[in-house]
Amino acid sequence: MDLDVAQVRAFVRAAEELHFGRAAGTLAISQQALSKRIARLESLLGVELFRRGGGVRLTEAGERFLVPARRVVAVADGAVAAVVGMEYPLRVDVWGHLYAPMRTLAQVAGGAGELTLGHGRDLPSVMAALLRGDIDAAFGRVHPPLSAGLAHRLVRLEPVDALVSEDHPLAAERVLRPDQLRGSVLWAPGPLERLDFLGRFADRFGIRSTASSVNLGLARFLAEVAEAPSRFSLMPADVPLPEVAGVRSVPLVGPTPLYAWSLLWRSGNGHPGLASLTAACAEGGGRGRWLEYDPARDWLPEPPVSGPGSGSVRPRYRGR
């Protein structure tokens, strides 16, 4: 049985969107053409992949077929990229824009070949773009659950500082422990349930009072923190802060929270630029000692992962 990749791709897009019109739009074909491709695939396989009454849903056969179907599409794309990949730049997206992910990519871009950069909204939207083949790689904070068919490598563990108003009772401290912030209000640049790192920090260190704003950029966010002596927020230590009156950045210790940055890609993507970018991240991390982690002094929302498709962490005790 020979599978037609165009038919399999149509199935994968429809399974991800659960809407034939939207899926057709992502493939730049008509809904009728997409329906015909899926019908031919179902005829070839001898099973129904979708239930079409009262909305589009996957059948049990469709659920079983989805993961290997994604692999088929990924391998096909990788085969094409292996031949023509150097003729187009590596398409890289980022998310977590308030924390300036571009600054890390900028430090390794020289060794990564030609790149084009996008601006994903959040991890779920970036994962969907990777699985569709719209982008080749992405950079930001990776946290579970990850979609099947994706791989990631830990690139950087960055110490996190507390941002407080200059009128905050603890603003004069040289360093702060996370538990000293329990009486303060955690100010978030969006709904806390969508901000994995801040939500886990609040749970771990007993921060009971939280409030959220709308992300209108870093300068506005810092001004909001400065407005109230009870507020604080968190920011990776190396993020360049704009000049905003009334706000102070204080290092956190005992433990030091670490923000984990990772490179994410679709398994089987054979674009030559992906290997170059991964190697450049490893080289930059070695020079900058980006992967130092001491569980006795540092805190991560989850333990660092290692193994196939992921980065390793080199423990090392650091002086404060």
# chains A, B, ... in the order shown; residues from 1 in each chain; ligands from 1
call {"tool": "select_by_dssp", "arguments": {"residues": "range 28-155 of chain A", "states": "strand (DSSP E or B)", "output": "list in words"}}
result
Phe50, Arg51, Arg57, Leu58, Leu90, Arg91, Val92, Asp93, Val94, Leu115, Thr116, Leu117, Ala137, Ala138, Phe139, Gly140, Leu150, Ala151, His152, Arg153, Leu154 and Val155 of chain A
call {"tool": "residues_around", "arguments": {"residues": "Ala172 in chain A", "least_positions_apart": "4", "cutoff": "9 Å", "atoms": "only C-alpha atoms", "output": "VMD selection string"}}
result
chain A and resid 166 168 250
call {"tool": "write_last_selection", "arguments": {"atoms": "N, CA, C and O atoms", "output": "short mmCIF file (atom, residue, chain, number, x, y, z; two decimals), in the first residue's frame"}}
result
data_model
loop_
_atom_site.label_atom_id
_atom_site.label_comp_id
_atom_site.auth_asym_id
_atom_site.auth_seq_id
_atom_site.Cartn_x
_atom_site.Cartn_y
_atom_site.Cartn_z
N GLU A 166 10.22 50.95 43.88
CA GLU A 166 11.20 51.54 44.80
C GLU A 166 10.58 51.84 46.17
O GLU A 166 11.30 52.03 47.15
N HIS A 168 8.52 49.62 47.57
CA HIS A 168 8.23 48.32 48.18
C HIS A 168 9.02 48.19 49.49
O HIS A 168 10.17 48.64 49.57
N VAL A 250 15.99 43.15 41.87
CA VAL A 250 16.74 42.59 43.01
C VAL A 250 16.99 41.10 42.75
O VAL A 250 16.04 40.35 42.48
#
call {"tool": "residues_around", "arguments": {"residues": "Gln180 in chain A", "least_positions_apart": "2", "cutoff": "10 Å", "atoms": "only C-alpha atoms", "output": "PDB file with C-alpha atoms, in the first residue's frame"}}
result
ATOM      1  CA  LEU A 170      11.934  45.148  50.552  1.00  0.00           C
ATOM      2  CA  LEU A 176      15.822  38.526  48.384  1.00  0.00           C
ATOM      3  CA  ARG A 177      14.631  35.005  49.082  1.00  0.00           C
ATOM      4  CA  PRO A 178      11.477  33.999  47.176  1.00  0.00           C
ATOM      5  CA  ARG A 182       4.727  35.997  50.260  1.00  0.00           C
ATOM      6  CA  GLY A 183       3.128  39.172  51.549  1.00  0.00           C
ATOM      7  CA  SER A 184       3.371  40.902  48.160  1.00  0.00           C
ATOM      8  CA  PHE A 205       6.710  29.730  47.308  1.00  0.00           C
ATOM      9  CA  GLY A 206       3.246  30.314  48.739  1.00  0.00           C
ATOM     10  CA  ILE A 207       2.388  33.542  46.919  1.00  0.00           C
ATOM     11  CA  LEU A 252      16.747  36.180  44.158  1.00  0.00           C
TER      12      LEU A 252
END
call {"tool": "residues_around", "arguments": {"residues": "Gly21 in chain A", "least_positions_apart": "4", "cutoff": "9 Å", "atoms": "only C-alpha atoms", "output": "ChimeraX atom specification"}}
result
/A:14,17,25-26,30-32,34
call {"tool": "closest_atom_pairs", "arguments": {"of": "range 73-98 of chain A", "to": "range 125-133 of chain A", "cutoff": "12 Å", "atoms": "only C-alpha atoms", "output": "tab-separated table"}}
result
residue	atom	partner	partner_atom	distance
A:Val73	CA	A:Gly133	CA	8.7
A:Ala74	CA	A:Gly133	CA	7.9
A:Val75	CA	A:Gly133	CA	11.2
A:Ala76	CA	A:Gly133	CA	10.8
A:Asp77	CA	A:Gly133	CA	7.9
A:Gly78	CA	A:Gly133	CA	10.2
A:Ala81	CA	A:Gly133	CA	11.4
A:Leu90	CA	A:Gly133	CA	11.7
A:Arg91	CA	A:Gly133	CA	9.8
A:Val92	CA	A:Leu130	CA	9.6
A:Asp93	CA	A:Val126	CA	7.2
A:Val94	CA	A:Val126	CA	7.8
A:Trp95	CA	A:Val126	CA	7.7
A:Gly96	CA	A:Val126	CA	11.0
call {"tool": "write_last_selection", "arguments": {"atoms": "all heavy atoms", "output": "compact mmCIF listing (two decimals), in the first residue's frame"}}
result
# COMPACT_ATOMS: atom_id res chain seq x y z
N VAL A 73 4.49 12.79 7.25
CA VAL A 73 4.64 14.14 6.73
C VAL A 73 6.00 14.71 7.09
O VAL A 73 6.67 15.35 6.26
CB VAL A 73 3.50 15.05 7.26
CG1 VAL A 73 3.75 16.49 6.87
CG2 VAL A 73 2.15 14.57 6.74
N ALA A 74 6.44 14.49 8.34
CA ALA A 74 7.74 15.01 8.78
C ALA A 74 8.88 14.41 7.99
O ALA A 74 9.82 15.11 7.59
CB ALA A 74 7.93 14.74 10.27
N VAL A 75 8.82 13.10 7.75
CA VAL A 75 9.88 12.43 6.98
C VAL A 75 9.89 12.94 5.54
O VAL A 75 10.96 13.19 4.96
CB VAL A 75 9.70 10.91 7.03
CG1 VAL A 75 10.63 10.23 6.03
CG2 VAL A 75 9.98 10.38 8.44
N ALA A 76 8.72 13.13 4.96
CA ALA A 76 8.64 13.65 3.59
C ALA A 76 9.24 15.05 3.51
O ALA A 76 10.02 15.38 2.60
CB ALA A 76 7.20 13.65 3.11
N ASP A 77 8.88 15.90 4.49
CA ASP A 77 9.43 17.25 4.52
C ASP A 77 10.95 17.22 4.73
O ASP A 77 11.69 18.01 4.13
CB ASP A 77 8.78 18.07 5.63
CG ASP A 77 7.33 18.41 5.33
OD1 ASP A 77 6.92 18.28 4.16
OD2 ASP A 77 6.61 18.80 6.27
N GLY A 78 11.40 16.29 5.58
CA GLY A 78 12.83 16.16 5.81
C GLY A 78 13.59 15.73 4.57
O GLY A 78 14.70 16.19 4.31
N ALA A 81 13.84 18.74 2.40
CA ALA A 81 14.78 19.71 2.97
C ALA A 81 16.22 19.26 2.80
O ALA A 81 17.12 20.09 2.63
CB ALA A 81 14.47 19.92 4.44
N LEU A 90 16.40 28.86 7.41
CA LEU A 90 15.70 28.18 8.50
C LEU A 90 14.66 29.13 9.08
O LEU A 90 14.96 30.26 9.46
CB LEU A 90 16.71 27.76 9.57
CG LEU A 90 16.18 26.88 10.70
CD1 LEU A 90 15.97 25.46 10.20
CD2 LEU A 90 17.16 26.87 11.88
N ARG A 91 13.42 28.67 9.18
CA ARG A 91 12.34 29.50 9.70
C ARG A 91 12.21 29.24 11.20
O ARG A 91 11.84 28.15 11.62
CB ARG A 91 11.03 29.16 8.97
CG ARG A 91 11.11 29.36 7.46
CD ARG A 91 9.97 28.64 6.76
NE ARG A 91 10.05 27.20 6.99
CZ ARG A 91 9.12 26.33 6.60
NH1 ARG A 91 8.03 26.75 5.99
NH2 ARG A 91 9.27 25.04 6.85
N VAL A 92 12.51 30.26 12.00
CA VAL A 92 12.54 30.13 13.45
C VAL A 92 11.51 31.09 14.06
O VAL A 92 11.45 32.26 13.69
CB VAL A 92 13.94 30.44 14.02
CG1 VAL A 92 13.95 30.25 15.53
CG2 VAL A 92 14.98 29.55 13.36
N ASP A 93 10.72 30.57 14.98
CA ASP A 93 9.75 31.39 15.69
C ASP A 93 10.16 31.49 17.15
O ASP A 93 10.94 30.67 17.65
CB ASP A 93 8.36 30.76 15.58
CG ASP A 93 7.26 31.81 15.47
OD1 ASP A 93 7.49 32.93 15.94
OD2 ASP A 93 6.19 31.48 14.95
N VAL A 94 9.65 32.49 17.85
CA VAL A 94 9.93 32.65 19.27
C VAL A 94 8.62 32.98 19.99
O VAL A 94 7.65 33.40 19.38
CB VAL A 94 10.95 33.77 19.55
CG1 VAL A 94 12.30 33.45 18.94
CG2 VAL A 94 10.44 35.12 19.04
N TRP A 95 8.61 32.75 21.29
CA TRP A 95 7.48 33.19 22.12
C TRP A 95 8.03 33.61 23.47
O TRP A 95 9.21 33.46 23.74
CB TRP A 95 6.42 32.08 22.24
CG TRP A 95 6.79 30.91 23.08
CD1 TRP A 95 6.44 30.68 24.38
CD2 TRP A 95 7.58 29.78 22.69
NE1 TRP A 95 6.95 29.48 24.82
CE2 TRP A 95 7.66 28.91 23.80
CE3 TRP A 95 8.24 29.41 21.51
CZ2 TRP A 95 8.36 27.71 23.77
CZ3 TRP A 95 8.95 28.22 21.47
CH2 TRP A 95 9.00 27.39 22.60
N GLY A 96 7.16 34.16 24.32
CA GLY A 96 7.62 34.73 25.58
C GLY A 96 8.31 36.06 25.35
O GLY A 96 9.37 36.35 25.90
call {"tool": "residues_around", "arguments": {"residues": "range 46-53 of chain A", "least_positions_apart": "5", "cutoff": "8 Å", "atoms": "only C-alpha atoms", "output": "JSON, numbers by chain"}}
result
{"A": [58, 59, 60, 61, 62, 63]}
call {"tool": "select_by_dssp", "arguments": {"residues": "range 56-280 of chain A", "states": "alpha helix (DSSP H)", "output": "ChimeraX atom specification"}}
result
/A:60-84,102-108,123-132,196-204,218-227,272-280
call {"tool": "closest_residue", "arguments": {"among": "A:Phe232, A:Phe221, A:Leu154, A:Glu173", "to": "Ser209 in chain A", "atoms": "only C-alpha atoms"}}
result
A:Phe232
call {"tool": "closest_atom_pairs", "arguments": {"of": "range 73-176 of chain A", "to": "range 256-266 of chain A", "cutoff": "8 Å", "atoms": "only C-alpha atoms", "output": "JSON lines"}}
result
{"residue": "A:Ala74", "atom": "CA", "partner": "A:Arg266", "partner_atom": "CA", "distance": 7.2}
{"residue": "A:Leu130", "atom": "CA", "partner": "A:Arg266", "partner_atom": "CA", "distance": 5.9}
{"residue": "A:Leu131", "atom": "CA", "partner": "A:Arg266", "partner_atom": "CA", "distance": 6.4}
{"residue": "A:Asp136", "atom": "CA", "partner": "A:Trp265", "partner_atom": "CA", "distance": 6.2}
{"residue": "A:Ala137", "atom": "CA", "partner": "A:Trp265", "partner_atom": "CA", "distance": 4.5}
{"residue": "A:Ala138", "atom": "CA", "partner": "A:Leu264", "partner_atom": "CA", "distance": 5.1}
{"residue": "A:Phe139", "atom": "CA", "partner": "A:Leu263", "partner_atom": "CA", "distance": 4.7}
{"residue": "A:Gly140", "atom": "CA", "partner": "A:Trp261", "partner_atom": "CA", "distance": 5.2}
{"residue": "A:Arg141", "atom": "CA", "partner": "A:Trp261", "partner_atom": "CA", "distance": 4.8}
{"residue": "A:Val142", "atom": "CA", "partner": "A:Ser262", "partner_atom": "CA", "distance": 6.1}
{"residue": "A:Gly149", "atom": "CA", "partner": "A:Arg266", "partner_atom": "CA", "distance": 6.0}
{"residue": "A:Leu150", "atom": "CA", "partner": "A:Arg266", "partner_atom": "CA", "distance": 4.4}
{"residue": "A:Ala151", "atom": "CA", "partner": "A:Trp265", "partner_atom": "CA", "distance": 5.5}
{"residue": "A:His152", "atom": "CA", "partner": "A:Leu264", "partner_atom": "CA", "distance": 4.3}
{"residue": "A:Arg153", "atom": "CA", "partner": "A:Leu263", "partner_atom": "CA", "distance": 5.3}
{"residue": "A:Leu154", "atom": "CA", "partner": "A:Ser262", "partner_atom": "CA", "distance": 4.4}
{"residue": "A:Val155", "atom": "CA", "partner": "A:Ser262", "partner_atom": "CA", "distance": 5.0}
{"residue": "A:Arg156", "atom": "CA", "partner": "A:Trp261", "partner_atom": "CA", "distance": 5.0}
{"residue": "A:Leu157", "atom": "CA", "partner": "A:Ala260", "partner_atom": "CA", "distance": 4.6}
{"residue": "A:Glu158", "atom": "CA", "partner": "A:Tyr259", "partner_atom": "CA", "distance": 5.0}
{"residue": "A:Pro159", "atom": "CA", "partner": "A:Leu258", "partner_atom": "CA", "distance": 4.6}
{"residue": "A:Val160", "atom": "CA", "partner": "A:Pro257", "partner_atom": "CA", "distance": 5.5}
call {"tool": "write_last_selection", "arguments": {"atoms": "C-alpha atoms", "output": "tab-separated table (two decimals), in the first residue's frame"}}
result
chain	number	residue	atom	x	y	z
A	74	ALA	CA	7.74	15.01	8.78
A	130	LEU	CA	5.78	23.32	13.79
A	131	LEU	CA	3.47	20.35	13.25
A	136	ASP	CA	11.31	24.71	11.20
A	137	ALA	CA	12.27	25.52	14.79
A	138	ALA	CA	11.22	27.66	17.73
A	139	PHE	CA	12.79	29.12	20.84
A	140	GLY	CA	11.25	29.86	24.24
A	141	ARG	CA	10.23	28.19	27.49
A	142	VAL	CA	9.12	24.60	26.90
A	149	GLY	CA	6.12	14.48	17.06
A	150	LEU	CA	8.14	17.33	18.60
A	151	ALA	CA	11.63	17.29	20.11
A	152	HIS	CA	13.44	19.87	22.19
A	153	ARG	CA	16.89	20.70	23.56
A	154	LEU	CA	17.58	22.73	26.68
A	155	VAL	CA	19.71	25.74	25.68
A	156	ARG	CA	19.92	28.11	28.63
A	157	LEU	CA	19.10	28.29	32.34
A	158	GLU	CA	18.82	31.94	33.29
A	159	PRO	CA	18.70	33.29	36.88
A	160	VAL	CA	15.55	35.28	37.63
call {"tool": "residues_around", "arguments": {"residues": "Leu27 in chain A", "least_positions_apart": "3", "cutoff": "9 Å", "atoms": "only C-alpha atoms", "output": "ChimeraX atom specification"}}
result
/A:9-10,13,22-24,30,34
call {"tool": "write_last_selection", "arguments": {"atoms": "N, CA and C atoms", "output": "CSV table (one decimal), in the first residue's frame"}}
result
chain,number,residue,atom,x,y,z
A,9,ARG,N,-1.1,14.6,4.4
A,9,ARG,CA,-1.0,15.9,5.0
A,9,ARG,C,-2.4,16.6,5.2
A,10,ALA,N,-3.3,16.3,4.2
A,10,ALA,CA,-4.6,16.8,4.3
A,10,ALA,C,-5.3,16.3,5.6
A,13,ARG,N,-3.8,18.0,8.8
A,13,ARG,CA,-4.3,19.3,9.0
A,13,ARG,C,-5.7,19.3,9.5
A,22,ARG,N,-11.0,25.4,7.7
A,22,ARG,CA,-9.8,26.0,8.2
A,22,ARG,C,-8.6,25.2,7.7
A,23,ALA,N,-8.7,23.9,7.8
A,23,ALA,CA,-7.6,23.0,7.3
A,23,ALA,C,-7.2,23.3,5.9
A,24,ALA,N,-8.3,23.4,5.0
A,24,ALA,CA,-8.0,23.7,3.6
A,24,ALA,C,-7.3,25.1,3.4
A,30,SER,N,-8.9,24.3,-1.9
A,30,SER,CA,-10.3,24.5,-1.6
A,30,SER,C,-10.7,23.4,-0.6
A,34,LEU,N,-9.7,19.3,-0.4
A,34,LEU,CA,-9.2,18.7,0.9
A,34,LEU,C,-10.1,17.5,1.2
call {"tool": "closest_residue", "arguments": {"among": "A:Asn215, A:Val72, A:Glu193, A:Phe201", "to": "Arg121 in chain A", "atoms": "only C-alpha atoms"}}
result
A:Asn215
call {"tool": "residues_around", "arguments": {"residues": "Val225 in chain A", "least_positions_apart": "2", "cutoff": "9 Å", "atoms": "only C-alpha atoms", "output": "PyMOL selection string"}}
result
chain A and resi 163-165+187+220-223+227-233+246-247
call {"tool": "write_last_selection", "arguments": {"atoms": "N, CA, C and O atoms", "output": "CSV table (one decimal), in the first residue's frame"}}
result
chain,number,residue,atom,x,y,z
A,163,LEU,N,11.4,42.0,40.4
A,163,LEU,CA,11.1,43.4,40.1
A,163,LEU,C,10.2,44.0,41.1
A,163,LEU,O,9.1,43.5,41.3
A,164,VAL,N,10.6,45.1,41.8
A,164,VAL,CA,9.7,45.7,42.8
A,164,VAL,C,9.7,47.2,42.6
A,164,VAL,O,10.6,47.8,42.0
A,165,SER,N,8.7,47.8,43.1
A,165,SER,CA,8.6,49.3,43.2
A,165,SER,C,9.7,49.8,44.2
A,165,SER,O,10.0,49.1,45.1
A,187,TRP,N,2.5,40.4,40.2
A,187,TRP,CA,1.9,41.1,39.0
A,187,TRP,C,2.3,40.4,37.8
A,187,TRP,O,3.5,40.3,37.5
A,220,ARG,N,5.7,49.5,29.7
A,220,ARG,CA,4.4,49.6,30.4
A,220,ARG,C,4.3,48.7,31.5
A,220,ARG,O,3.8,49.1,32.6
A,221,PHE,N,4.7,47.5,31.4
A,221,PHE,CA,4.7,46.5,32.5
A,221,PHE,C,5.5,46.9,33.7
A,221,PHE,O,5.0,46.9,34.8
A,222,LEU,N,6.7,47.5,33.4
A,222,LEU,CA,7.5,47.9,34.5
A,222,LEU,C,6.8,49.1,35.2
A,222,LEU,O,6.9,49.3,36.5
A,223,ALA,N,6.2,50.0,34.4
A,223,ALA,CA,5.5,51.1,35.0
A,223,ALA,C,4.4,50.7,35.9
A,223,ALA,O,4.1,51.3,37.0
A,227,GLU,N,3.9,51.3,40.1
A,227,GLU,CA,2.7,52.1,40.5
A,227,GLU,C,2.3,51.7,42.0
A,227,GLU,O,1.7,52.6,42.7
A,228,ALA,N,2.6,50.5,42.4
A,228,ALA,CA,2.1,50.0,43.7
A,228,ALA,C,3.2,49.4,44.5
A,228,ALA,O,3.9,48.5,44.1
A,229,PRO,N,3.4,49.9,45.8
A,229,PRO,CA,4.4,49.4,46.6
A,229,PRO,C,4.2,47.9,47.0
A,229,PRO,O,5.2,47.2,47.4
A,230,SER,N,3.0,47.3,46.8
A,230,SER,CA,2.8,45.9,47.2
A,230,SER,C,3.1,45.0,46.0
A,230,SER,O,3.1,43.8,46.3
A,231,ARG,N,3.4,45.5,44.8
A,231,ARG,CA,3.5,44.6,43.7
A,231,ARG,C,5.0,44.1,43.5
A,231,ARG,O,5.9,44.8,43.9
A,232,PHE,N,5.1,42.9,42.9
A,232,PHE,CA,6.4,42.5,42.4
A,232,PHE,C,6.1,41.6,41.2
A,232,PHE,O,5.0,41.1,40.9
A,233,SER,N,7.2,41.4,40.4
A,233,SER,CA,7.1,40.4,39.3
A,233,SER,C,8.5,39.8,39.1
A,233,SER,O,9.4,40.1,39.9
A,246,GLY,N,11.1,54.5,39.2
A,246,GLY,CA,10.4,53.9,40.3
A,246,GLY,C,10.4,52.4,40.4
A,246,GLY,O,9.6,51.8,41.2
A,247,VAL,N,11.2,51.7,39.6
A,247,VAL,CA,11.3,50.2,39.7
A,247,VAL,C,12.7,49.8,39.9
A,247,VAL,O,13.6,50.4,39.5
call {"tool": "closest_residue", "arguments": {"among": "A:Ser276, A:Leu18, A:Leu3, A:Glu302", "to": "Gly54 in chain A", "atoms": "only C-alpha atoms"}}
result
A:Leu18
call {"tool": "decode", "arguments": {"residues": "range 202-250 of chain A", "atoms": "C-alpha atoms", "output": "compact mmCIF listing (two decimals), in the first residue's frame"}}
result
# COMPACT_ATOMS: atom_id res chain seq x y z
CA ALA A 202 3.46 31.27 43.09
CA ASP A 203 2.50 27.69 43.99
CA ARG A 204 6.01 26.71 45.09
CA PHE A 205 6.71 29.73 47.31
CA GLY A 206 3.25 30.31 48.74
CA ILE A 207 2.39 33.54 46.92
CA ARG A 208 -1.34 33.88 47.60
CA SER A 209 -2.02 37.32 46.14
CA THR A 210 -1.82 37.63 42.37
CA ALA A 211 -3.13 40.08 39.81
CA SER A 212 -2.78 40.36 36.06
CA SER A 213 -2.56 43.04 33.43
CA VAL A 214 -2.53 43.16 29.64
CA ASN A 215 0.84 42.76 27.93
CA LEU A 216 1.45 46.16 26.33
CA GLY A 217 5.21 45.83 26.28
CA LEU A 218 8.00 45.79 28.82
CA ALA A 219 8.12 49.53 29.55
CA ARG A 220 4.40 49.65 30.36
CA PHE A 221 4.68 46.48 32.46
CA LEU A 222 7.51 47.95 34.54
CA ALA A 223 5.53 51.15 35.03
CA GLU A 224 2.62 49.08 36.38
CA VAL A 225 4.94 47.36 38.87
CA ALA A 226 6.26 50.77 39.95
CA GLU A 227 2.74 52.11 40.54
CA ALA A 228 2.05 50.04 43.68
CA PRO A 229 4.42 49.35 46.62
CA SER A 230 2.77 45.94 47.15
CA ARG A 231 3.53 44.57 43.69
CA PHE A 232 6.38 42.47 42.38
CA SER A 233 7.09 40.43 39.29
CA LEU A 234 9.89 38.28 37.90
CA MET A 235 12.28 38.81 35.01
CA PRO A 236 15.26 36.82 33.67
CA ALA A 237 18.35 38.59 34.94
CA ASP A 238 19.92 39.40 31.57
CA VAL A 239 16.83 41.02 30.00
CA PRO A 240 17.80 44.62 29.15
CA LEU A 241 15.35 46.81 31.06
CA PRO A 242 14.17 50.15 29.67
CA GLU A 243 14.64 53.26 31.78
CA VAL A 244 11.48 53.33 33.90
CA ALA A 245 11.36 55.46 37.02
CA GLY A 246 10.39 53.89 40.31
CA VAL A 247 11.26 50.22 39.71
CA ARG A 248 14.19 48.15 41.03
CA SER A 249 15.55 44.73 40.07
CA VAL A 250 16.74 42.59 43.01
